[in-house]
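Student: Just run12.tsv, nothing more (TSV, C-alpha atoms):
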```tsv
chain	number	residue	atom	x	y	z
A	1	MET	CA	9.44	10.98	-19.63
A	2	ILE	CA	7.53	10.72	-16.35
A	3	ALA	CA	9.50	9.67	-13.26
A	4	LEU	CA	7.93	7.77	-10.37
A	5	THR	CA	9.38	7.35	-6.91
A	6	GLY	CA	8.46	5.83	-3.55
A	7	GLY	CA	9.21	2.53	-1.90
A	8	LYS	CA	10.31	0.17	0.83
A	9	THR	CA	6.82	-1.32	1.31
A	10	GLY	CA	4.21	-2.63	-1.10
A	11	GLY	CA	1.86	0.12	0.06
A	12	HIS	CA	4.14	2.75	-1.49
A	13	ILE	CA	4.98	0.67	-4.57
A	14	SER	CA	1.69	-0.79	-5.82
A	15	PRO	CA	-0.07	2.56	-6.55
A	16	LEU	CA	2.97	3.70	-8.55
A	17	ILE	CA	2.89	0.52	-10.63
A	18	ALA	CA	-0.87	0.98	-11.13
A	19	VAL	CA	-0.31	4.51	-12.46
A	20	ALA	CA	2.67	3.39	-14.59
A	21	ASN	CA	0.40	0.83	-16.27
A	22	GLN	CA	-1.89	3.69	-17.34
A	23	LEU	CA	0.84	6.00	-18.62
A	24	LYS	CA	1.70	6.27	-22.29
A	25	GLY	CA	5.27	7.05	-23.30
A	26	ASP	CA	8.49	6.71	-21.31
A	27	VAL	CA	8.24	5.90	-17.61
A	28	LEU	CA	11.15	5.64	-15.17
A	29	TYR	CA	10.87	4.27	-11.63
A	30	VAL	CA	13.52	5.75	-9.30
A	31	GLY	CA	14.11	3.84	-6.07
A	32	SER	CA	16.72	2.18	-3.93
A	33	LYS	CA	19.13	-0.44	-5.30
A	34	ARG	CA	18.40	-4.11	-4.47
A	35	SER	CA	15.01	-3.18	-3.05
A	36	LEU	CA	11.41	-4.35	-3.17
A	37	GLU	CA	10.55	-1.55	-5.57
A	38	GLU	CA	13.31	-2.71	-7.94
A	39	LYS	CA	11.85	-6.25	-7.94
A	40	TRP	CA	8.36	-4.94	-8.66
A	41	ALA	CA	9.57	-2.61	-11.44
A	42	HIS	CA	11.38	-5.49	-13.16
A	43	ARG	CA	8.31	-7.75	-12.75
A	44	TYR	CA	6.13	-5.18	-14.52
A	45	ARG	CA	8.82	-4.29	-17.10
A	46	ILE	CA	9.24	-0.69	-16.01
A	47	ALA	CA	12.61	1.00	-16.48
A	48	PHE	CA	14.31	1.36	-13.09
A	49	LEU	CA	17.12	3.56	-11.81
A	50	GLY	CA	18.60	2.33	-8.53
A	51	LEU	CA	19.95	4.85	-6.03
A	52	PRO	CA	22.78	4.22	-3.52
A	53	LEU	CA	20.66	4.61	-0.37
A	54	GLU	CA	21.90	1.79	1.84
A	55	ASN	CA	23.54	3.64	4.73
A	56	ASN	CA	23.93	7.03	6.43
A	57	ARG	CA	20.49	8.45	5.71
A	58	TRP	CA	21.07	12.17	5.16
A	59	LEU	CA	24.48	11.82	3.56
A	60	ALA	CA	23.02	9.08	1.35
A	61	ILE	CA	20.30	11.46	0.14
A	62	VAL	CA	22.93	14.02	-0.88
A	63	ARG	CA	24.97	11.33	-2.66
A	64	ALA	CA	21.85	10.04	-4.39
A	65	TYR	CA	21.01	13.56	-5.57
A	66	PHE	CA	24.41	13.90	-7.28
A	67	PHE	CA	23.97	10.37	-8.66
A	68	LEU	CA	20.72	11.54	-10.28
A	69	LYS	CA	22.35	14.70	-11.57
A	70	LYS	CA	25.01	12.59	-13.27
A	71	ASN	CA	22.84	9.74	-14.56
A	72	LEU	CA	19.61	11.46	-15.64
A	73	LYS	CA	20.76	12.61	-19.08
A	74	VAL	CA	17.25	13.90	-19.87
A	75	PRO	CA	15.35	15.38	-16.90
A	76	PRO	CA	11.81	14.05	-16.46
A	77	LYS	CA	8.88	16.21	-17.48
A	78	ALA	CA	7.13	15.51	-14.16
A	79	VAL	CA	7.71	13.55	-10.95
A	80	PHE	CA	5.06	11.52	-9.15
A	81	SER	CA	5.81	10.32	-5.60
A	82	SER	CA	3.98	8.05	-3.17
A	83	GLY	CA	6.32	8.99	-0.32
A	84	GLY	CA	8.87	7.19	1.80
A	85	TYR	CA	12.56	7.81	2.42
A	86	VAL	CA	13.58	6.57	-1.04
A	87	SER	CA	11.56	9.38	-2.68
A	88	LEU	CA	13.60	12.20	-1.13
A	89	PRO	CA	16.54	12.39	-3.62
A	90	LEU	CA	14.31	12.60	-6.72
A	91	LEU	CA	11.97	15.12	-5.07
A	92	LEU	CA	14.97	17.26	-4.09
A	93	TYR	CA	16.27	16.99	-7.67
A	94	ALA	CA	12.84	18.03	-9.01
A	95	VAL	CA	12.67	21.08	-6.74
A	96	ILE	CA	16.13	22.27	-7.78
A	97	LYS	CA	15.42	21.64	-11.49
A	98	ARG	CA	11.91	23.17	-11.19
A	99	ILE	CA	10.25	20.01	-12.46
A	100	PRO	CA	6.51	19.71	-11.62
A	101	ILE	CA	5.93	17.50	-8.58
A	102	TYR	CA	2.79	15.48	-7.88
A	103	LEU	CA	2.27	13.62	-4.61
A	104	LEU	CA	0.00	10.76	-3.57
A	105	GLU	CA	-1.08	10.61	0.08
A	106	GLU	CA	-2.77	7.29	0.81
A	107	ASN	CA	-3.20	7.57	4.57
A	108	ARG	CA	-5.35	9.59	6.95
A	109	ILE	CA	-2.36	11.69	7.97
A	110	MET	CA	0.31	13.21	5.75
A	111	GLY	CA	3.59	11.28	5.71
A	112	ARG	CA	6.80	13.12	6.53
A	113	SER	CA	8.26	13.27	3.02
A	114	ASN	CA	4.92	14.35	1.54
A	115	ALA	CA	4.43	16.95	4.28
A	116	PHE	CA	7.90	18.40	3.61
A	117	PHE	CA	7.51	18.61	-0.18
A	118	ALA	CA	3.82	19.58	-0.20
A	119	ILE	CA	4.73	23.26	-0.50
A	120	PHE	CA	6.47	22.50	-3.82
A	121	ALA	CA	3.78	20.19	-5.23
A	122	LYS	CA	1.67	21.19	-8.20
A	123	LYS	CA	-1.07	18.91	-6.87
A	124	ILE	CA	-1.55	16.36	-4.07
A	125	PHE	CA	-3.72	13.36	-4.88
A	126	LEU	CA	-5.55	11.95	-1.87
A	127	SER	CA	-6.94	8.47	-1.40
A	128	TYR	CA	-9.28	9.84	1.29
A	129	GLU	CA	-10.32	13.31	2.39
A	130	LEU	CA	-7.84	14.82	4.86
A	131	PRO	CA	-8.69	17.50	7.40
A	132	LYS	CA	-7.06	20.92	7.18
A	133	MET	CA	-5.63	20.54	3.66
A	134	ARG	CA	-4.31	23.93	2.55
A	135	ARG	CA	-2.62	22.86	-0.69
A	136	THR	CA	-4.06	22.11	-4.12
A	137	TYR	CA	-5.44	18.61	-3.83
A	138	GLN	CA	-7.82	16.16	-5.45
A	139	VAL	CA	-9.48	13.17	-3.79
A	140	VAL	CA	-9.18	10.35	-6.33
A	141	GLY	CA	-9.30	7.20	-4.22
A	142	GLN	CA	-6.59	4.56	-4.04
A	143	PRO	CA	-4.93	3.46	-7.32
A	144	LEU	CA	-5.54	-0.29	-7.68
A	145	LEU	CA	-2.94	-2.54	-9.24
A	146	ASN	CA	-5.49	-5.22	-10.18
A	147	PRO	CA	-8.99	-3.74	-10.64
A	148	THR	CA	-10.41	-7.02	-12.08
A	149	PRO	CA	-9.59	-9.97	-9.77
A	150	SER	CA	-10.88	-13.44	-10.57
A	151	TYR	CA	-12.50	-16.22	-8.53
A	152	LEU	CA	-10.72	-18.69	-10.83
A	153	ASN	CA	-7.29	-17.94	-9.35
A	154	TYR	CA	-6.00	-19.78	-6.26
A	155	PRO	CA	-8.93	-22.22	-5.80
A	156	GLN	CA	-6.60	-24.45	-3.78
A	157	TYR	CA	-6.49	-21.80	-1.05
A	158	ARG	CA	-10.19	-21.57	-0.18
A	159	SER	CA	-10.47	-20.79	3.53
A	160	ASP	CA	-12.52	-19.24	6.30
A	161	ILE	CA	-9.89	-16.57	6.96
A	162	LEU	CA	-7.06	-14.98	5.01
A	163	VAL	CA	-4.47	-13.31	7.27
A	164	ILE	CA	-2.22	-10.77	5.53
A	165	GLY	CA	0.99	-9.69	7.21
A	166	GLY	CA	1.91	-7.06	4.62
A	167	SER	CA	4.81	-6.99	2.17
A	168	LEU	CA	7.36	-7.16	5.02
A	169	GLY	CA	5.48	-9.76	7.08
A	170	SER	CA	4.23	-9.53	10.67
A	171	GLU	CA	5.04	-11.95	13.49
A	172	PRO	CA	2.05	-10.84	15.61
A	173	LEU	CA	-0.29	-11.68	12.72
A	174	CYS	CA	1.51	-14.99	12.20
A	175	ARG	CA	0.73	-15.84	15.83
A	176	ILE	CA	-2.90	-14.78	15.36
A	177	ALA	CA	-3.21	-16.96	12.24
A	178	GLN	CA	-1.84	-19.97	14.09
A	179	MET	CA	-4.21	-19.34	17.00
A	180	LEU	CA	-7.27	-19.05	14.72
A	181	SER	CA	-6.34	-22.26	12.88
A	182	ARG	CA	-7.40	-24.18	16.01
A	183	GLU	CA	-11.02	-23.43	15.05
A	184	PHE	CA	-11.02	-22.22	11.42
A	185	SER	CA	-9.30	-22.93	8.10
A	186	VAL	CA	-6.70	-20.19	7.62
A	187	VAL	CA	-4.38	-19.00	4.84
A	188	LEU	CA	-1.48	-16.84	6.03
A	189	LEU	CA	0.58	-14.49	3.88
A	190	ALA	CA	3.66	-14.38	6.06
A	191	GLY	CA	6.24	-12.57	3.92
A	192	ARG	CA	9.77	-13.07	5.26
A	193	TYR	CA	8.43	-15.19	8.14
A	194	ALA	CA	6.96	-17.90	5.88
A	195	LYS	CA	9.76	-20.45	6.44
A	196	LYS	CA	9.84	-19.80	10.19
A	197	TRP	CA	6.13	-20.51	10.69
A	198	GLY	CA	5.39	-23.08	7.99
A	199	SER	CA	2.12	-24.80	7.09
A	200	LYS	CA	0.26	-26.94	9.62
A	201	PRO	CA	-3.15	-28.66	9.76
A	202	ASN	CA	-5.81	-26.02	8.99
A	203	LEU	CA	-3.08	-23.45	8.21
A	204	ASN	CA	-1.62	-22.79	4.74
A	205	VAL	CA	1.41	-20.46	4.88
A	206	LEU	CA	2.53	-18.54	1.78
A	207	GLU	CA	5.37	-16.06	1.40
A	208	SER	CA	3.58	-13.88	-1.18
A	209	VAL	CA	1.29	-13.92	-4.21
A	210	GLU	CA	1.22	-11.71	-7.31
A	211	ASP	CA	-2.56	-11.28	-7.34
A	212	LEU	CA	-3.66	-10.52	-3.79
A	213	PRO	CA	-7.28	-9.45	-4.57
A	214	SER	CA	-7.92	-12.79	-6.31
A	215	LEU	CA	-6.58	-14.63	-3.27
A	216	MET	CA	-8.90	-12.55	-1.07
A	217	LEU	CA	-11.88	-13.82	-3.06
A	218	GLN	CA	-11.13	-17.36	-1.86
A	219	SER	CA	-11.70	-16.46	1.80
A	220	ARG	CA	-14.83	-15.64	3.79
A	221	LEU	CA	-13.11	-12.79	5.62
A	222	VAL	CA	-9.74	-11.05	5.77
A	223	ILE	CA	-7.56	-10.07	8.73
A	224	SER	CA	-4.92	-7.51	7.89
A	225	ARG	CA	-2.80	-4.62	9.00
A	226	ALA	CA	-4.32	-1.24	8.10
A	227	GLY	CA	-2.02	-0.09	5.34
A	228	ALA	CA	-3.85	2.04	2.78
A	229	ALA	CA	-3.03	-0.10	-0.27
A	230	THR	CA	-4.05	-3.44	1.25
A	231	SER	CA	-7.19	-1.92	2.78
A	232	ALA	CA	-8.20	-0.56	-0.63
A	233	GLU	CA	-7.66	-3.99	-2.20
A	234	ILE	CA	-9.88	-5.55	0.48
A	235	PHE	CA	-12.61	-3.01	-0.22
A	236	SER	CA	-12.27	-3.50	-3.98
A	237	VAL	CA	-13.46	-7.12	-3.64
A	238	SER	CA	-16.04	-6.27	-0.93
A	239	LYS	CA	-14.54	-8.64	1.60
A	240	PRO	CA	-15.56	-8.42	5.30
A	241	CYS	CA	-12.45	-7.60	7.28
A	242	ILE	CA	-10.83	-7.10	10.65
A	243	LEU	CA	-7.99	-4.58	10.76
A	244	ILE	CA	-5.24	-4.92	13.36
A	245	PRO	CA	-3.03	-1.82	12.90
A	246	SER	CA	0.69	-2.00	13.46
A	247	ARG	CA	1.91	-0.04	16.48
A	248	LYS	CA	5.25	0.71	14.79
A	249	THR	CA	4.11	2.98	11.95
A	250	LYS	CA	5.19	6.61	11.78
A	251	LYS	CA	2.62	9.07	13.16
A	252	ASN	CA	0.51	6.00	14.07
A	253	HIS	CA	-1.03	6.24	10.59
A	254	GLN	CA	-2.28	2.64	10.49
A	255	TYR	CA	-4.38	3.17	13.60
A	256	LEU	CA	-5.79	6.39	12.13
A	257	ASN	CA	-6.59	4.53	8.89
A	258	ALA	CA	-8.31	1.68	10.76
A	259	LEU	CA	-10.30	4.08	12.96
A	260	TYR	CA	-11.51	5.97	9.87
A	261	PHE	CA	-12.53	2.73	8.12
A	262	LYS	CA	-14.32	1.55	11.27
A	263	GLU	CA	-16.25	4.84	11.49
A	264	LYS	CA	-17.26	4.46	7.84
A	265	GLY	CA	-18.53	0.94	8.55
A	266	CYS	CA	-15.96	-0.70	6.25
A	267	ALA	CA	-14.05	-2.74	8.83
A	268	MET	CA	-13.83	-3.96	12.40
A	269	LEU	CA	-10.92	-2.62	14.44
A	270	VAL	CA	-9.06	-4.84	16.88
A	271	SER	CA	-5.86	-3.90	18.73
A	272	GLU	CA	-2.94	-6.27	19.19
A	273	ASP	CA	-3.44	-5.69	22.92
A	274	ASP	CA	-7.09	-6.76	22.94
A	275	GLY	CA	-6.20	-10.40	23.42
A	276	GLU	CA	-7.16	-13.75	22.00
A	277	GLU	CA	-10.83	-13.71	22.97
A	278	ALA	CA	-11.47	-10.32	21.32
A	279	ILE	CA	-10.11	-11.59	18.03
A	280	PHE	CA	-12.16	-14.81	18.22
A	281	GLN	CA	-15.30	-12.79	19.02
A	282	ALA	CA	-14.75	-10.48	16.03
A	283	VAL	CA	-14.17	-13.43	13.69
A	284	ARG	CA	-17.26	-15.30	14.92
A	285	ALA	CA	-19.40	-12.18	14.59
A	286	LEU	CA	-18.39	-11.67	10.96
A	287	LEU	CA	-18.71	-15.32	10.00
A	288	HIS	CA	-22.09	-15.87	11.66
A	289	ARG	CA	-23.92	-12.52	11.25
A	290	GLU	CA	-24.96	-12.06	7.63
A	291	THR	CA	-26.41	-8.58	8.17
A	292	LEU	CA	-23.11	-7.36	9.62
A	293	ARG	CA	-21.23	-8.70	6.59
A	294	LEU	CA	-23.65	-7.20	4.07
A	295	ASN	CA	-23.59	-3.75	5.68
A	296	MET	CA	-19.80	-3.80	5.74
A	297	GLN	CA	-19.64	-4.78	2.07
A	298	LEU	CA	-22.03	-1.98	1.10
A	299	ALA	CA	-19.92	0.56	2.99
A	300	GLN	CA	-16.73	-0.74	1.34
A	301	ARG	CA	-18.16	-0.24	-2.15
A	302	GLN	CA	-18.63	3.44	-1.37
A	303	MET	CA	-14.87	3.75	-0.75
A	304	VAL	CA	-13.66	2.29	-4.06
A	305	SER	CA	-12.78	4.27	-7.19
A	306	LYS	CA	-11.47	2.04	-9.97
A	307	ASP	CA	-10.50	5.06	-12.10
A	308	SER	CA	-7.92	6.47	-9.67
A	309	ALA	CA	-4.81	5.35	-11.57
A	310	PHE	CA	-6.24	6.62	-14.87
A	311	ILE	CA	-7.14	10.03	-13.36
A	312	ILE	CA	-3.60	10.49	-12.02
A	313	ALA	CA	-1.97	9.26	-15.25
A	314	LYS	CA	-4.10	11.65	-17.32
A	315	GLU	CA	-2.88	14.59	-15.21
A	316	LEU	CA	0.78	13.52	-15.49
A	317	MET	CA	0.57	13.00	-19.26
A	318	LYS	CA	-0.22	16.69	-19.73
A	319	HIS	CA	3.49	17.29	-19.19
A	320	ASP	CA	4.78	14.44	-21.38
A	321	VAL	CA	4.25	16.08	-24.76
```
Show the structure stored in the file as structure tokens.
Tutor:
Amino acid sequence: MIALTGGKTGGHISPLIAVANQLKGDVLYVGSKRSLEEKWAHRYRIAFLGLPLENNRWLAIVRAYFFLKKNLKVPPKAVFSSGGYVSLPLLLYAVIKRIPIYLLEENRIMGRSNAFFAIFAKKIFLSYELPKMRRTYQVVGQPLLNPTPSYLNYPQYRSDILVIGGSLGSEPLCRIAQMLSREFSVVLLAGRYAKKWGSKPNLNVLESVEDLPSLMLQSRLVISRAGAATSAEIFSVSKPCILIPSRKTKKNHQYLNALYFKEKGCAMLVSEDDGEEAIFQAVRALLHRETLRLNMQLAQRQMVSKDSAFIIAKELMKHDV
């Protein structure tokens, strides 16, 4: 059995699901009870073990460790983690039981849980090259949940702009979507804010979709936060994009992601503080300058590896014999 862990946001969850879909044999997803990762695991028919991680962070990790010790009748052959607080109990369990640990770092800076457990990891898979890596690592790209999106899905949502607020939603991006709808046709993925904002003329508001890359194909450009998973999905369909990184992320990793993608020519970078006119100027430039769009799409294609999930799964399956 191979155990997967990581959660809270879609960015941590989707690469794990992508790898699970490539694994042969028993797979167990370990995450928090009544969580987004539990919903995704059930949707993709992956066995799930929910941990009691609701309150009291450090004490909860200790309790969750003993919960694992009691409920994992057969220890996994290997553990694969995409990071996040919910991964800590299983990683601690793996260290104590001397189970091989593999980590996935999607961002341009190592997350806290990955940084802490890196010393114990057999290998760290990277979506992008990181500076000063001293551990055993392999750059594999970002595992994609849907490597073959279709133009035939979501034709009713054709638009100039798709605005993506992330799996948890983003009120600043909701405001930007409403502002842009004064001049352009806009589709907004609003997450938990969908009911609050609601559809209006020139603005279609959705809570979520199961096939985000296919929805992206219906737009002329995408505006998004700079999470690694969503950015990789944008690049996978070669869609011109503007990234507006969240200011609330740990270690400011979304800004570092967006800056890296801008330097590679894959995206435009706009700050929340840049104001209304800066966003309108960026949108108009992408919509009206074909050369800019084509160069961005060419740069994006250089960033995509559609074999990432298979490469990781192949490494994990060496232990599941």
Student: Hey, which of A:His319, A:Lys97, A:Arg112, A:Lys33 ends up closest to Leu72 (chain A)? Count all atoms listed in the file.
Tutor: A:Lys97
Student: Which residues are near region 57-70 of chain A? Cut-off 7 Å, all atoms listed in the file, ignore same chain within fewer than 5 positions. Put them as a list in words.
Tutor: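 What passes the distance filter is Leu51, Pro52, Leu88, Pro89, Leu90 and Tyr93 of chain A.
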Student: Please identify all polymer residues within 8 Å of Val283 (chain A), counting all atoms listed in the file, omitting same-chain residues fewer than 4 positions from it, and present them as a PyMOL selection string.
Tutor: chain A and resi 242+279+287
Student: Figure out the distance between CA of Thr230 (chain A) and CA of Gly165 (chain A), please, to one decimal in Å.
Tutor: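 Computed distance, CA of Gly165 (chain A) to CA of Thr230 (chain A), equals 10.0 Å.
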Student: Residues at most 8 Å from Ser238 (chain A), counting all atoms listed in the file, excluding those fewer than 2 positions away in the same chain, as a list in words?
Tutor: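 Listing them by chain and then by number gives Ile234, Phe235, Ser236, Pro240, Gln297, Leu298, Gln300 and Arg301 of chain A.
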Student: In the coordinates of the file, take the point (-11.5, 10.3, 0.9) and a cut-off of 7 Å; then, counting all atoms listed in the file, name each qualifying protein, DNA or RNA residue as a PyMOL selection string.
Tutor: chain A and resi 126-129+139+141
Student: Give me, please, the distance in Å between CA of Leu152 (chain A) and CA of Leu215 (chain A), quoted to one decimal.
Tutor: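 Straight-line distance from CA of Leu152 (chain A) to CA of Leu215 (chain A) works out to 9.5 Å.
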Student: Excluding Pro100 (chain A) and residues on its chain fewer than 3 positions from it, collect all residues at most 10 Å away from it, counting all atoms listed in the file, and give them as a PDB file with C-alpha atoms, keeping the file's coordinate frame.
Tutor:
```pdb
ATOM      1  CA  PRO A  76      11.810  14.050 -16.460  1.00  0.00           C
ATOM      2  CA  LYS A  77       8.880  16.210 -17.480  1.00  0.00           C
ATOM      3  CA  ALA A  78       7.130  15.510 -14.160  1.00  0.00           C
ATOM      4  CA  VAL A  79       7.710  13.550 -10.950  1.00  0.00           C
ATOM      5  CA  PHE A  80       5.060  11.520  -9.150  1.00  0.00           C
ATOM      6  CA  LEU A  91      11.970  15.120  -5.070  1.00  0.00           C
ATOM      7  CA  ALA A  94      12.840  18.030  -9.010  1.00  0.00           C
ATOM      8  CA  VAL A  95      12.670  21.080  -6.740  1.00  0.00           C
ATOM      9  CA  LYS A  97      15.420  21.640 -11.490  1.00  0.00           C
ATOM     10  CA  PHE A 120       6.470  22.500  -3.820  1.00  0.00           C
ATOM     11  CA  ALA A 121       3.780  20.190  -5.230  1.00  0.00           C
ATOM     12  CA  LYS A 122       1.670  21.190  -8.200  1.00  0.00           C
ATOM     13  CA  LYS A 123      -1.070  18.910  -6.870  1.00  0.00           C
ATOM     14  CA  LEU A 316       0.780  13.520 -15.490  1.00  0.00           C
ATOM     15  CA  HIS A 319       3.490  17.290 -19.190  1.00  0.00           C
TER      16      HIS A 319
END
```
Student: Looking at only C-alpha atoms, which of A:His42, A:Lys314, A:Arg175, A:Lys262 is the one that sits closest to Val163 (chain A)?
Tutor: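 Of A:His42, A:Lys314, A:Arg175, A:Lys262, the one nearest Val163 (chain A), counting only C-alpha atoms, is A:Arg175.
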Student: Tell me which protein, DNA and RNA residues are within 6 Å of region 187-203 of chain A, counting only C-alpha atoms, leaving out same-chain ones fewer than 5 positions away, and put them as a PyMOL selection string.
Tutor: chain A and resi 162-165+168-169+181+208
Student: Let me make sure I understand: among A:His12, A:Arg284, A:Arg182, A:Arg289, which one has the smallest atom-to-atom distance to Ser82 (chain A) if we use all atoms listed in the file?
Tutor: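 Ranked by minimum distance to Ser82 (chain A), first place goes to A:His12.
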Student: Using Å and a single decimal, report how far CA of Leu269 (chain A) sits from CA of Leu180 (chain A).
Tutor: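 Interatomic distance here is 16.8 Å.
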Student: Find, counting only C-alpha atoms, the residue in A:Val186, A:Ala226, A:Val140, A:Met179 that gets nearest to Gly166 (chain A).
Tutor: A:Ala226
Student: Rank A:Ile17, A:Lys264, A:Leu206, A:Arg45 by their smallest atom-to-atom distance to Phe310 (chain A), using all atoms listed in the file, and report the top residue only.
Tutor: A:Ile17
Student: Compare A:Ala313, A:Ile109, A:Ala278, A:Val237 by their minimum atom-to-atom distance to Asn252 (chain A), counting all atoms listed in the file, and give me the closest one.
Tutor: A:Ile109
Student: If I wrap all listed atoms of region 51-60 of chain A in a box with edges along x, y and z and add 6 Å on each side, what are its centre and edge lengths in Å to one decimal, as AutoDock Vina command-line options?
Tutor:
```
--center_x 22.2 --center_y 7.0 --center_z 0.2 --size_x 16.5 --size_y 22.4 --size_z 24.5
```
Student: Would you list the residues near (8.8, -1.1, 0.3) (no more than 12 Å away, in the coordinates of the file, using all atoms listed in the file) as a compact mmCIF listing (two decimals) with C-alpha atoms, in the frame of the given file?
Tutor:
```txt
# COMPACT_ATOMS: atom_id res chain seq x y z
CA THR A 5 9.38 7.35 -6.91
CA GLY A 6 8.46 5.83 -3.55
CA GLY A 7 9.21 2.53 -1.90
CA LYS A 8 10.31 0.17 0.83
CA THR A 9 6.82 -1.32 1.31
CA GLY A 10 4.21 -2.63 -1.10
CA GLY A 11 1.86 0.12 0.06
CA HIS A 12 4.14 2.75 -1.49
CA ILE A 13 4.98 0.67 -4.57
CA SER A 14 1.69 -0.79 -5.82
CA PRO A 15 -0.07 2.56 -6.55
CA LEU A 16 2.97 3.70 -8.55
CA GLY A 31 14.11 3.84 -6.07
CA SER A 32 16.72 2.18 -3.93
CA LYS A 33 19.13 -0.44 -5.30
CA ARG A 34 18.40 -4.11 -4.47
CA SER A 35 15.01 -3.18 -3.05
CA LEU A 36 11.41 -4.35 -3.17
CA GLU A 37 10.55 -1.55 -5.57
CA GLU A 38 13.31 -2.71 -7.94
CA LYS A 39 11.85 -6.25 -7.94
CA TRP A 40 8.36 -4.94 -8.66
CA ALA A 41 9.57 -2.61 -11.44
CA SER A 82 3.98 8.05 -3.17
CA GLY A 83 6.32 8.99 -0.32
CA GLY A 84 8.87 7.19 1.80
CA TYR A 85 12.56 7.81 2.42
CA VAL A 86 13.58 6.57 -1.04
CA SER A 87 11.56 9.38 -2.68
CA GLY A 166 1.91 -7.06 4.62
CA SER A 167 4.81 -6.99 2.17
CA LEU A 168 7.36 -7.16 5.02
CA GLY A 169 5.48 -9.76 7.08
CA GLY A 227 -2.02 -0.09 5.34
CA ALA A 229 -3.03 -0.10 -0.27
```
Student: Return region 166-182 of chain A, completed with N, CA and C atoms, as a compact mmCIF listing (two decimals), in the coordinates of the input.
Tutor:
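Okay, rebuild18.txt is ready:
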```txt
# COMPACT_ATOMS: atom_id res chain seq x y z
N GLY A 166 1.27 -8.17 5.32
CA GLY A 166 1.91 -7.06 4.62
C GLY A 166 3.14 -7.51 3.86
N SER A 167 3.68 -6.62 3.02
CA SER A 167 4.81 -6.99 2.17
C SER A 167 6.05 -7.37 2.96
N LEU A 168 6.20 -6.84 4.18
CA LEU A 168 7.36 -7.16 5.02
C LEU A 168 7.08 -8.29 6.00
N GLY A 169 5.83 -8.71 6.11
CA GLY A 169 5.48 -9.76 7.08
C GLY A 169 5.24 -9.19 8.46
N SER A 170 4.56 -9.98 9.31
CA SER A 170 4.23 -9.53 10.67
C SER A 170 4.16 -10.74 11.58
N GLU A 171 5.07 -10.82 12.54
CA GLU A 171 5.04 -11.95 13.49
C GLU A 171 3.79 -11.95 14.36
N PRO A 172 3.30 -10.80 14.85
CA PRO A 172 2.05 -10.84 15.61
C PRO A 172 0.89 -11.44 14.81
N LEU A 173 0.79 -11.11 13.53
CA LEU A 173 -0.29 -11.68 12.72
C LEU A 173 -0.05 -13.15 12.41
N CYS A 174 1.21 -13.56 12.34
CA CYS A 174 1.51 -14.99 12.20
C CYS A 174 1.00 -15.75 13.43
N ARG A 175 1.21 -15.20 14.60
CA ARG A 175 0.73 -15.84 15.83
C ARG A 175 -0.80 -15.90 15.85
N ILE A 176 -1.44 -14.81 15.41
CA ILE A 176 -2.90 -14.78 15.36
C ILE A 176 -3.43 -15.83 14.39
N ALA A 177 -2.79 -15.96 13.23
CA ALA A 177 -3.21 -16.96 12.24
C ALA A 177 -3.11 -18.37 12.82
N GLN A 178 -2.00 -18.65 13.50
CA GLN A 178 -1.84 -19.97 14.09
C GLN A 178 -2.89 -20.23 15.17
N MET A 179 -3.18 -19.22 15.96
CA MET A 179 -4.21 -19.34 17.00
C MET A 179 -5.58 -19.62 16.38
N LEU A 180 -5.96 -18.89 15.34
CA LEU A 180 -7.27 -19.05 14.72
C LEU A 180 -7.41 -20.40 14.02
N SER A 181 -6.28 -20.98 13.59
CA SER A 181 -6.34 -22.26 12.88
C SER A 181 -6.79 -23.41 13.79
N ARG A 182 -6.86 -23.15 15.10
CA ARG A 182 -7.40 -24.18 16.01
C ARG A 182 -8.89 -24.39 15.77
```
